[in-house]
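**Q** Dropping in entry-v2.cif, which is mmCIF, C-alpha atoms:
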```cif
data_coords
loop_
_atom_site.group_PDB
_atom_site.id
_atom_site.type_symbol
_atom_site.label_atom_id
_atom_site.label_comp_id
_atom_site.auth_asym_id
_atom_site.auth_seq_id
_atom_site.Cartn_x
_atom_site.Cartn_y
_atom_site.Cartn_z
ATOM 1 C CA MET A 1 40.015 19.057 -19.024
ATOM 2 C CA THR A 2 38.094 21.505 -16.838
ATOM 3 C CA ILE A 3 34.552 20.705 -15.736
ATOM 4 C CA THR A 4 32.736 23.948 -14.952
ATOM 5 C CA ALA A 5 30.471 24.432 -11.966
ATOM 6 C CA ASP A 6 27.671 25.420 -14.341
ATOM 7 C CA THR A 7 27.907 22.087 -16.215
ATOM 8 C CA VAL A 8 27.809 20.163 -12.936
ATOM 9 C CA LYS A 9 24.776 22.228 -11.885
ATOM 10 C CA GLN A 10 22.962 21.420 -15.150
ATOM 11 C CA LEU A 11 23.631 17.696 -14.733
ATOM 12 C CA ARG A 12 22.441 17.760 -11.128
ATOM 13 C CA GLU A 13 19.191 19.415 -12.228
ATOM 14 C CA ARG A 14 18.672 16.749 -14.898
ATOM 15 C CA THR A 15 19.497 13.730 -12.766
ATOM 16 C CA GLY A 16 18.872 14.753 -9.167
ATOM 17 C CA ALA A 17 22.207 13.129 -8.249
ATOM 18 C CA GLY A 18 24.910 14.465 -5.940
ATOM 19 C CA MET A 19 27.593 16.929 -7.001
ATOM 20 C CA MET A 20 30.493 14.469 -6.828
ATOM 21 C CA GLU A 21 28.619 11.824 -8.823
ATOM 22 C CA CYS A 22 27.819 14.393 -11.507
ATOM 23 C CA LYS A 23 31.386 15.633 -11.695
ATOM 24 C CA LYS A 24 32.729 12.080 -11.978
ATOM 25 C CA ALA A 25 30.305 11.272 -14.811
ATOM 26 C CA LEU A 26 31.291 14.451 -16.668
ATOM 27 C CA VAL A 27 34.978 13.597 -16.341
ATOM 28 C CA GLU A 28 34.323 10.082 -17.706
ATOM 29 C CA THR A 29 32.446 11.504 -20.701
ATOM 30 C CA SER A 30 34.867 14.397 -21.408
ATOM 31 C CA GLY A 31 32.290 17.004 -20.368
ATOM 32 C CA ASP A 32 29.498 15.783 -22.685
ATOM 33 C CA LEU A 33 26.317 16.603 -20.750
ATOM 34 C CA ASP A 34 24.040 14.209 -22.649
ATOM 35 C CA ALA A 35 26.534 11.343 -22.466
ATOM 36 C CA ALA A 36 27.064 11.963 -18.748
ATOM 37 C CA ALA A 37 23.304 11.892 -18.112
ATOM 38 C CA GLU A 38 22.988 8.608 -20.041
ATOM 39 C CA LEU A 39 25.939 7.117 -18.137
ATOM 40 C CA MET A 40 24.375 8.060 -14.812
ATOM 41 C CA ARG A 41 21.045 6.594 -15.891
ATOM 42 C CA LYS A 42 22.723 3.266 -16.689
ATOM 43 C CA GLN A 43 24.653 3.337 -13.428
ATOM 44 C CA GLY A 44 21.415 4.099 -11.595
ATOM 45 C CA LEU A 45 19.664 1.114 -13.165
ATOM 46 C CA ALA A 46 22.544 -1.102 -12.115
ATOM 47 C CA LYS A 47 22.305 0.187 -8.540
ATOM 48 C CA ALA A 48 18.555 -0.425 -8.546
ATOM 49 C CA ASP A 49 19.048 -4.019 -9.694
ATOM 50 C CA LYS A 50 21.520 -4.649 -6.865
ATOM 51 C CA LYS A 51 19.044 -3.372 -4.270
ATOM 52 C CA ALA A 52 16.042 -5.264 -5.663
ATOM 53 C CA THR A 53 16.413 -8.206 -3.261
ATOM 54 C CA ARG A 54 16.395 -6.049 -0.120
ATOM 55 C CA VAL A 55 13.186 -6.132 1.927
ATOM 56 C CA ALA A 56 11.064 -3.002 1.526
ATOM 57 C CA ALA A 57 8.344 -3.185 4.183
ATOM 58 C CA GLU A 58 8.020 0.490 5.111
ATOM 59 C CA GLY A 59 6.466 3.114 2.877
ATOM 60 C CA THR A 60 3.165 4.862 2.362
ATOM 61 C CA VAL A 61 -0.364 4.469 1.051
ATOM 62 C CA VAL A 62 -1.663 7.250 -1.170
ATOM 63 C CA VAL A 63 -5.126 8.108 -2.446
ATOM 64 C CA GLU A 64 -6.057 9.995 -5.606
ATOM 65 C CA ARG A 65 -9.737 10.926 -6.037
ATOM 66 C CA ALA A 66 -11.624 11.960 -9.156
ATOM 67 C CA ALA A 67 -13.080 15.462 -9.157
ATOM 68 C CA ASP A 68 -16.635 14.089 -9.300
ATOM 69 C CA SER A 69 -16.008 11.706 -6.349
ATOM 70 C CA LYS A 70 -17.164 8.742 -8.426
ATOM 71 C CA ALA A 71 -13.744 7.051 -8.576
ATOM 72 C CA ALA A 72 -10.562 6.879 -6.538
ATOM 73 C CA ALA A 73 -7.226 5.100 -6.655
ATOM 74 C CA LEU A 74 -5.353 3.578 -3.729
ATOM 75 C CA VAL A 75 -1.647 2.763 -4.030
ATOM 76 C CA GLU A 76 0.980 1.237 -1.743
ATOM 77 C CA ILE A 77 4.609 2.165 -2.393
ATOM 78 C CA ASN A 78 7.307 0.554 -0.264
ATOM 79 C CA CYS A 79 10.825 1.453 0.816
ATOM 80 C CA GLU A 80 13.211 0.114 3.464
ATOM 81 C CA THR A 81 13.025 2.747 6.203
ATOM 82 C CA ASP A 82 10.456 5.091 7.704
ATOM 83 C CA PHE A 83 12.955 7.938 7.264
ATOM 84 C CA VAL A 84 12.827 7.613 3.464
ATOM 85 C CA ALA A 85 9.037 7.104 3.558
ATOM 86 C CA ARG A 86 8.670 10.588 5.059
ATOM 87 C CA GLY A 87 10.873 12.238 2.422
ATOM 88 C CA ASP A 88 9.512 14.610 -0.215
ATOM 89 C CA ASP A 89 11.053 12.680 -3.143
ATOM 90 C CA PHE A 90 9.455 9.404 -2.080
ATOM 91 C CA ARG A 91 6.070 10.916 -1.298
ATOM 92 C CA GLY A 92 6.085 12.882 -4.546
ATOM 93 C CA PHE A 93 6.740 9.682 -6.467
ATOM 94 C CA ALA A 94 3.923 7.875 -4.630
ATOM 95 C CA GLN A 95 1.458 10.657 -5.395
ATOM 96 C CA ALA A 96 2.488 10.698 -9.064
ATOM 97 C CA VAL A 97 1.897 6.945 -9.293
ATOM 98 C CA ALA A 98 -1.551 7.257 -7.710
ATOM 99 C CA ALA A 99 -2.479 9.984 -10.188
ATOM 100 C CA ARG A 100 -1.475 7.776 -13.124
ATOM 101 C CA VAL A 101 -3.419 4.810 -11.699
ATOM 102 C CA LEU A 102 -6.587 6.876 -11.583
ATOM 103 C CA ALA A 103 -6.035 8.348 -15.045
ATOM 104 C CA ALA A 104 -4.813 5.240 -16.899
ATOM 105 C CA ARG A 105 -6.629 2.437 -14.998
ATOM 106 C CA PRO A 106 -3.870 -0.121 -15.791
ATOM 107 C CA ALA A 107 -4.863 -3.787 -15.941
ATOM 108 C CA ASN A 108 -2.088 -5.025 -13.668
ATOM 109 C CA LEU A 109 1.159 -4.059 -11.945
ATOM 110 C CA GLU A 110 3.257 -4.712 -15.040
ATOM 111 C CA ALA A 111 1.097 -2.346 -17.079
ATOM 112 C CA LEU A 112 1.289 0.268 -14.325
ATOM 113 C CA LEU A 113 5.095 0.163 -14.221
ATOM 114 C CA ALA A 114 5.191 0.722 -17.984
ATOM 115 C CA THR A 115 2.845 3.734 -17.770
ATOM 116 C CA ARG A 116 4.466 7.048 -18.676
ATOM 117 C CA LEU A 117 4.684 9.951 -16.262
ATOM 118 C CA ASP A 118 4.547 13.626 -17.222
ATOM 119 C CA GLY A 119 8.324 13.758 -17.761
ATOM 120 C CA GLY A 120 8.141 11.040 -20.427
ATOM 121 C CA GLU A 121 9.809 8.273 -18.445
ATOM 122 C CA SER A 122 7.939 5.202 -17.269
ATOM 123 C CA ILE A 123 6.980 4.703 -13.638
ATOM 124 C CA ASP A 124 9.564 1.926 -13.403
ATOM 125 C CA GLU A 125 12.280 4.163 -14.824
ATOM 126 C CA ARG A 126 11.402 6.872 -12.284
ATOM 127 C CA ARG A 127 11.371 4.243 -9.526
ATOM 128 C CA ARG A 128 14.826 2.957 -10.412
ATOM 129 C CA ALA A 129 16.245 6.461 -10.709
ATOM 130 C CA LEU A 130 14.863 7.189 -7.246
ATOM 131 C CA ILE A 131 16.564 4.070 -5.884
ATOM 132 C CA ALA A 132 19.884 5.311 -7.279
ATOM 133 C CA LYS A 133 19.351 8.723 -5.725
ATOM 134 C CA ILE A 134 18.058 7.629 -2.313
ATOM 135 C CA GLY A 135 20.014 4.394 -1.882
ATOM 136 C CA GLU A 136 17.129 2.166 -0.766
ATOM 137 C CA ASN A 137 15.037 -0.443 -2.525
ATOM 138 C CA ILE A 138 11.697 1.028 -3.591
ATOM 139 C CA SER A 139 8.797 -0.993 -4.949
ATOM 140 C CA VAL A 140 5.331 -0.283 -6.266
ATOM 141 C CA ARG A 141 3.556 -3.069 -4.430
ATOM 142 C CA ARG A 142 -0.138 -2.865 -5.283
ATOM 143 C CA PHE A 143 -2.952 -0.607 -6.394
ATOM 144 C CA ALA A 144 -6.738 -0.568 -6.620
ATOM 145 C CA VAL A 145 -9.353 1.577 -8.316
ATOM 146 C CA VAL A 146 -12.868 1.804 -6.884
ATOM 147 C CA THR A 147 -15.741 3.327 -8.864
ATOM 148 C CA SER A 148 -19.381 4.051 -8.114
ATOM 149 C CA SER A 149 -22.431 5.562 -9.771
ATOM 150 C CA GLY A 150 -23.014 7.110 -6.357
ATOM 151 C CA GLN A 151 -19.848 8.254 -4.606
ATOM 152 C CA VAL A 152 -16.452 6.962 -3.535
ATOM 153 C CA ALA A 153 -15.067 8.032 -0.186
ATOM 154 C CA ALA A 154 -11.472 7.764 0.960
ATOM 155 C CA TYR A 155 -9.919 7.688 4.398
ATOM 156 C CA VAL A 156 -6.188 7.644 5.140
ATOM 157 C CA HIS A 157 -4.953 7.106 8.690
ATOM 158 C CA GLY A 158 -1.559 8.777 8.892
ATOM 159 C CA THR A 159 0.405 7.440 5.942
ATOM 160 C CA ARG A 160 0.161 3.706 6.647
ATOM 161 C CA ILE A 161 -3.510 2.722 6.313
ATOM 162 C CA GLY A 162 -5.842 3.744 3.518
ATOM 163 C CA ALA A 163 -9.395 2.751 2.627
ATOM 164 C CA LEU A 164 -11.804 3.379 -0.246
ATOM 165 C CA VAL A 165 -15.562 2.775 -0.121
ATOM 166 C CA ALA A 166 -18.082 2.869 -2.979
ATOM 167 C CA LEU A 167 -21.471 3.925 -1.631
ATOM 168 C CA GLU A 168 -24.859 3.916 -3.312
ATOM 169 C CA GLY A 169 -27.327 6.210 -1.547
ATOM 170 C CA GLY A 170 -26.544 8.078 1.636
ATOM 171 C CA ASP A 171 -24.388 11.189 1.670
ATOM 172 C CA ALA A 172 -20.716 12.229 1.775
ATOM 173 C CA ALA A 173 -20.594 12.174 5.583
ATOM 174 C CA LEU A 174 -21.863 8.583 5.703
ATOM 175 C CA ALA A 175 -19.423 7.500 2.985
ATOM 176 C CA HIS A 176 -16.549 9.065 4.924
ATOM 177 C CA ASP A 177 -17.625 7.359 8.151
ATOM 178 C CA VAL A 178 -17.821 3.941 6.486
ATOM 179 C CA ALA A 179 -14.386 4.438 4.903
ATOM 180 C CA MET A 180 -13.023 5.323 8.343
ATOM 181 C CA HIS A 181 -14.659 2.166 9.740
ATOM 182 C CA VAL A 182 -13.033 0.013 7.041
ATOM 183 C CA ALA A 183 -9.631 1.528 7.845
ATOM 184 C CA ALA A 184 -10.093 0.868 11.569
ATOM 185 C CA SER A 185 -11.808 -2.539 11.568
ATOM 186 C CA ASN A 186 -10.293 -4.244 8.507
ATOM 187 C CA PRO A 187 -13.272 -6.326 7.312
ATOM 188 C CA ARG A 188 -12.386 -9.125 4.898
ATOM 189 C CA TYR A 189 -15.723 -9.244 3.069
ATOM 190 C CA ASN A 190 -18.648 -6.917 2.461
ATOM 191 C CA THR A 191 -21.609 -9.114 3.515
ATOM 192 C CA MET A 192 -22.012 -12.674 4.763
ATOM 193 C CA ALA A 193 -23.154 -13.665 1.278
ATOM 194 C CA ASP A 194 -19.709 -12.637 0.002
ATOM 195 C CA VAL A 195 -17.810 -15.049 2.263
ATOM 196 C CA PRO A 196 -16.518 -17.963 0.127
ATOM 197 C CA ALA A 197 -18.174 -21.331 0.766
ATOM 198 C CA ASP A 198 -14.879 -22.993 1.704
ATOM 199 C CA VAL A 199 -14.231 -20.349 4.385
ATOM 200 C CA VAL A 200 -17.719 -20.884 5.825
ATOM 201 C CA ALA A 201 -17.281 -24.677 5.755
ATOM 202 C CA LYS A 202 -13.940 -24.519 7.543
ATOM 203 C CA GLU A 203 -15.277 -22.205 10.234
ATOM 204 C CA ARG A 204 -18.339 -24.447 10.738
ATOM 205 C CA GLU A 205 -16.059 -27.480 11.085
ATOM 206 C CA ILE A 206 -13.958 -25.808 13.769
ATOM 207 C CA LEU A 207 -16.974 -24.555 15.698
ATOM 208 C CA THR A 208 -18.639 -27.986 15.505
ATOM 209 C CA GLU A 209 -15.584 -29.671 17.026
ATOM 210 C CA GLN A 210 -15.531 -27.102 19.811
ATOM 211 C CA ALA A 211 -19.257 -27.516 20.569
ATOM 212 C CA GLN A 212 -19.091 -31.324 20.522
ATOM 213 C CA GLY A 213 -16.305 -31.143 23.062
ATOM 214 C CA GLU A 214 -18.707 -29.458 25.476
ATOM 215 C CA GLY A 215 -20.792 -32.660 25.706
ATOM 216 C CA LYS A 216 -24.081 -31.154 24.526
ATOM 217 C CA PRO A 217 -26.829 -33.132 22.664
ATOM 218 C CA ALA A 218 -26.607 -33.147 18.864
ATOM 219 C CA ASP A 219 -29.593 -30.845 18.316
ATOM 220 C CA ILE A 220 -28.192 -28.331 20.789
ATOM 221 C CA VAL A 221 -24.777 -28.551 19.146
ATOM 222 C CA THR A 222 -26.311 -27.680 15.773
ATOM 223 C CA LYS A 223 -28.042 -24.585 17.175
ATOM 224 C CA MET A 224 -24.874 -23.534 19.027
ATOM 225 C CA VAL A 225 -22.756 -23.882 15.899
ATOM 226 C CA GLU A 226 -25.100 -21.854 13.719
ATOM 227 C CA GLY A 227 -25.302 -19.071 16.299
ATOM 228 C CA ARG A 228 -21.546 -18.960 16.753
ATOM 229 C CA LEU A 229 -21.036 -19.110 12.996
ATOM 230 C CA ARG A 230 -23.200 -16.029 12.456
ATOM 231 C CA LYS A 231 -21.223 -14.191 15.127
ATOM 232 C CA SER A 232 -17.889 -15.298 13.674
ATOM 233 C CA LEU A 233 -18.815 -14.308 10.119
ATOM 234 C CA GLY A 234 -20.207 -11.023 11.372
ATOM 235 C CA GLU A 235 -16.806 -10.138 12.782
ATOM 236 C CA ILE A 236 -15.078 -10.455 9.398
ATOM 237 C CA THR A 237 -17.776 -8.795 7.254
ATOM 238 C CA LEU A 238 -18.301 -5.069 6.915
ATOM 239 C CA THR A 239 -22.064 -5.144 7.380
ATOM 240 C CA GLY A 240 -21.830 -7.527 10.340
ATOM 241 C CA GLN A 241 -19.317 -5.482 12.331
ATOM 242 C CA ALA A 242 -20.236 -3.042 15.087
ATOM 243 C CA PHE A 243 -19.868 0.498 13.749
ATOM 244 C CA VAL A 244 -16.722 2.075 15.208
ATOM 245 C CA LYS A 245 -18.393 5.407 16.015
ATOM 246 C CA ASP A 246 -21.436 3.732 17.599
ATOM 247 C CA PRO A 247 -20.740 0.121 18.692
ATOM 248 C CA ASP A 248 -24.400 -0.295 19.707
ATOM 249 C CA GLN A 249 -25.397 -0.609 16.050
ATOM 250 C CA SER A 250 -23.994 -2.635 13.198
ATOM 251 C CA VAL A 251 -22.770 -1.149 9.948
ATOM 252 C CA GLU A 252 -25.698 -2.959 8.289
ATOM 253 C CA LYS A 253 -28.222 -1.072 10.441
ATOM 254 C CA LEU A 254 -26.375 2.188 9.844
ATOM 255 C CA LEU A 255 -26.582 1.718 6.085
ATOM 256 C CA LYS A 256 -30.235 0.612 6.147
ATOM 257 C CA SER A 257 -31.246 3.674 8.156
ATOM 258 C CA ALA A 258 -29.771 5.843 5.398
ATOM 259 C CA LYS A 259 -31.160 3.621 2.595
ATOM 260 C CA ALA A 260 -27.587 3.114 1.414
ATOM 261 C CA SER A 261 -25.364 0.187 0.480
ATOM 262 C CA VAL A 262 -21.671 -0.440 -0.006
ATOM 263 C CA THR A 263 -20.926 -1.940 -3.419
ATOM 264 C CA ALA A 264 -17.136 -2.239 -2.998
ATOM 265 C CA PHE A 265 -14.296 -1.376 -0.672
ATOM 266 C CA GLU A 266 -10.513 -1.654 -0.522
ATOM 267 C CA ARG A 267 -8.089 -1.361 2.371
ATOM 268 C CA PHE A 268 -4.286 -1.256 2.253
ATOM 269 C CA GLU A 269 -1.920 -1.277 5.210
ATOM 270 C CA VAL A 270 1.754 -0.610 4.619
ATOM 271 C CA GLY A 271 3.844 -3.764 4.824
ATOM 272 C CA ALA A 272 0.919 -6.104 5.570
ATOM 273 C CA GLY A 273 1.972 -9.638 4.686
ATOM 274 C CA ILE A 274 5.617 -8.732 4.023
ATOM 275 C CA GLU A 275 8.017 -10.787 6.083
ATOM 276 C CA LYS A 276 10.375 -8.366 7.752
ATOM 277 C CA LYS A 277 13.934 -9.297 8.647
ATOM 278 C CA GLN A 278 14.469 -9.097 12.376
ATOM 279 C CA GLU A 279 17.613 -7.121 13.030
ATOM 280 C CA ASP A 280 19.709 -7.607 16.161
ATOM 281 C CA PHE A 281 21.681 -4.378 16.061
ATOM 282 C CA ALA A 282 23.618 -5.071 19.245
ATOM 283 C CA ALA A 283 24.824 -8.413 17.848
ATOM 284 C CA GLU A 284 25.660 -6.751 14.529
ATOM 285 C CA VAL A 285 27.797 -4.084 16.200
ATOM 286 C CA MET A 286 29.566 -6.702 18.305
ATOM 287 C CA ALA A 287 30.222 -8.847 15.235
ATOM 288 C CA GLN A 288 31.707 -5.899 13.372
ATOM 289 C CA ALA A 289 33.908 -5.169 16.367
ATOM 290 C CA GLY A 290 35.093 -8.760 16.475
ATOM 291 C CA LEU A 291 33.346 -9.492 19.780
ATOM 292 C CA THR A 292 31.377 -12.642 20.603
ATOM 293 C CA GLY A 293 29.356 -11.418 23.548
ATOM 294 C CA LYS A 294 31.054 -13.885 25.904
ATOM 295 C CA HIS A 295 32.993 -12.638 28.902
#
```
As structure tokens, how would this structure be written, given the file I've shared?
**A**
Amino acid sequence: MTITADTVKQLRERTGAGMMECKKALVETSGDLDAAAELMRKQGLAKADKKATRVAAEGTVVVERAADSKAAALVEINCETDFVARGDDFRGFAQAVAARVLAARPANLEALLATRLDGGESIDERRRALIAKIGENISVRRFAVVTSSGQVAAYVHGTRIGALVALEGGDAALAHDVAMHVAASNPRYNTMADVPADVVAKEREILTEQAQGEGKPADIVTKMVEGRLRKSLGEITLTGQAFVKDPDQSVEKLLKSAKASVTAFERFEVGAGIEKKQEDFAAEVMAQAGLTGKH
């Protein structure tokens, strides 16, 4: 049976797979284009399942903003290498996911993966097909949607750090500056009032032990602890931090001067919290060559 170049070309356009893979699938299905495409889809899913346990700690963060600037989506998509993260296929997939997050507002990651893209397939189906094509594990790790009756600003540093800020009052320039600050300074909470009581209690306990070790009277220790606690909490809250573009004033003062307030923010950094496998490439090469490293 002869498989024509035109049939191979059609299958490549449908699947995005390599020429030899397409030709092999056509041979196995006696030239039936639909059957070959289905076979390759199943094979691709199998490949994706095999790669699912591999650590994907590289990738990109992508932002999609609403036309009226009152909402924006932030998404982190991971892969195994920076090389793949820079590729058009991977980045196109990430942008498509962000667009669907903003449009569909899924309740959780499971709902997002089931969301349909323009081509009719689900995000998870597109993800697994991309794994088969690229050869690396790819995961949709997390997403967030921020809305505001005022405006939502976004700031992306390169492709690895992204931030969204919902601002009431102020203007677009201020919103952009605060989003840039969030990306740079990574606050954990918005204001001191937002810090959970258990976090405050633990920090007070640590600071109290430190102050008592300095041999000061009890009343002095109390004052020292409260002062240090305010400083410590200020460092992890957005409003308490020194503004990155003008360290002489806090973000709180910056916002007050513009009669503005931040109602929500999100910040993603690629791979944050993912335990990466430490590779010893020299040892790996030596092991493959049957060497022990001893002389």
**Q** May I ask which of the residues A:Glu76, A:Thr147, A:Thr2, A:Ser139 is the closest one to Phe265 (chain A), counting all atoms listed in the file?
**A** A:Thr147
**Q** In terms of the shortest atom-to-atom distance over all atoms listed in the file, which of A:Lys24, A:Arg204, A:His181, A:Arg65 is closest to Thr222 (chain A)?
**A**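 Ranking A:Lys24, A:Arg204, A:His181, A:Arg65 by distance to Thr222 (chain A), first place goes to A:Arg204.
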**Q** Name the residues that the PyMOL selection byres ((chain A and resi 114-119) around 12) pulls out of this structure, and write them as an MDAnalysis selection string.
**A** chainID A and resid 14 93:113 120:127 140
**Q** Smallest atom-to-atom distance to Lys231 (chain A): which of A:Asn137, A:Ala258, A:Glu203, A:Val244, using only C-alpha atoms?
**A**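 Smallest separation from Lys231 (chain A) among the options: A:Glu203.
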**Q** Go through A:Ala36, A:Ala172, A:Leu207, A:Ala242 one by one, measure the shortest atom-to-atom distance of each to Arg12 (chain A) using only C-alpha atoms, and give the residue with the smallest value.
**A**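 Nearest to Arg12 (chain A): A:Ala36.
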**Q** Let me know the residues the PyMOL selection byres ((chain A and resi 155) around 6) catches in the file above, as number ranges by chain.
**A** A: 154, 156, 162-163, 179-180
**Q** Would you work out the distance separating CA of Arg267 (chain A) from CA of Asn186 (chain A), expressed in Å to one decimal?
**A**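 A separation of 7.1 Å between them.
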**Q** A:Ala37, A:Ile274, A:Met192, A:Ala264: which is nearest Gln241 (chain A), counting all atoms listed in the file?
**A**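 For Gln241 (chain A), the nearest of the candidates is A:Met192.
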**Q** Have a look at CA of Glu80 (chain A) and CA of Val63 (chain A) and let me know their distance in Å, one decimal.
**A**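 That distance, rounded to one decimal, is 20.9 Å.
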**Q** Take CA of Phe90 (chain A) and CA of Ala73 (chain A) and report the distance between them in Å, one decimal.
**A**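 A separation of 17.8 Å between them.
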**Q** Give me the residues near Glu58 (chain A) as a list of chain:residue names, where near means some atom within 6 Å (using only C-alpha atoms) and where sequence neighbours in that chain fewer than 2 positions away do not count.
**A**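 My list of contacting residues is A:Ala56, A:Asn78, A:Cys79, A:Glu80, A:Thr81, A:Asp82, A:Gly271.
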**Q** With a distance cut-off of 10 Å and all atoms listed in the file, select the neighbouring residues of Lys9 (chain A), excluding the residue or stretch itself and same-chain residues fewer than 3 positions from it, and output the selection as a list in words.
**A**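 These residues fall inside the cut-off: Thr4, Ala5, Asp6, Arg12, Glu13, Arg14, Gly16, Gly18, Met19, Cys22 and Lys23 of chain A.
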**Q** Could you write those residues out with C-alpha atoms, as a PDB file, in the coordinates of the input?
**A**
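Wrote it out as result26.pdb, contents follow:
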```pdb
ATOM      1  CA  THR A   4      32.736  23.948 -14.952  1.00  0.00           C
ATOM      2  CA  ALA A   5      30.471  24.432 -11.966  1.00  0.00           C
ATOM      3  CA  ASP A   6      27.671  25.420 -14.341  1.00  0.00           C
ATOM      4  CA  ARG A  12      22.441  17.760 -11.128  1.00  0.00           C
ATOM      5  CA  GLU A  13      19.191  19.415 -12.228  1.00  0.00           C
ATOM      6  CA  ARG A  14      18.672  16.749 -14.898  1.00  0.00           C
ATOM      7  CA  GLY A  16      18.872  14.753  -9.167  1.00  0.00           C
ATOM      8  CA  GLY A  18      24.910  14.465  -5.940  1.00  0.00           C
ATOM      9  CA  MET A  19      27.593  16.929  -7.001  1.00  0.00           C
ATOM     10  CA  CYS A  22      27.819  14.393 -11.507  1.00  0.00           C
ATOM     11  CA  LYS A  23      31.386  15.633 -11.695  1.00  0.00           C
TER      12      LYS A  23
END
```
**Q** Apply the PyMOL selection byres ((chain A and resi 226) around 12) to the structure shown and report the selected residues as JSON, numbers by chain.
**A** {"A": [200, 201, 203, 204, 205, 206, 207, 208, 211, 219, 220, 221, 222, 223, 224, 225, 227, 228, 229, 230, 231, 232, 233]}
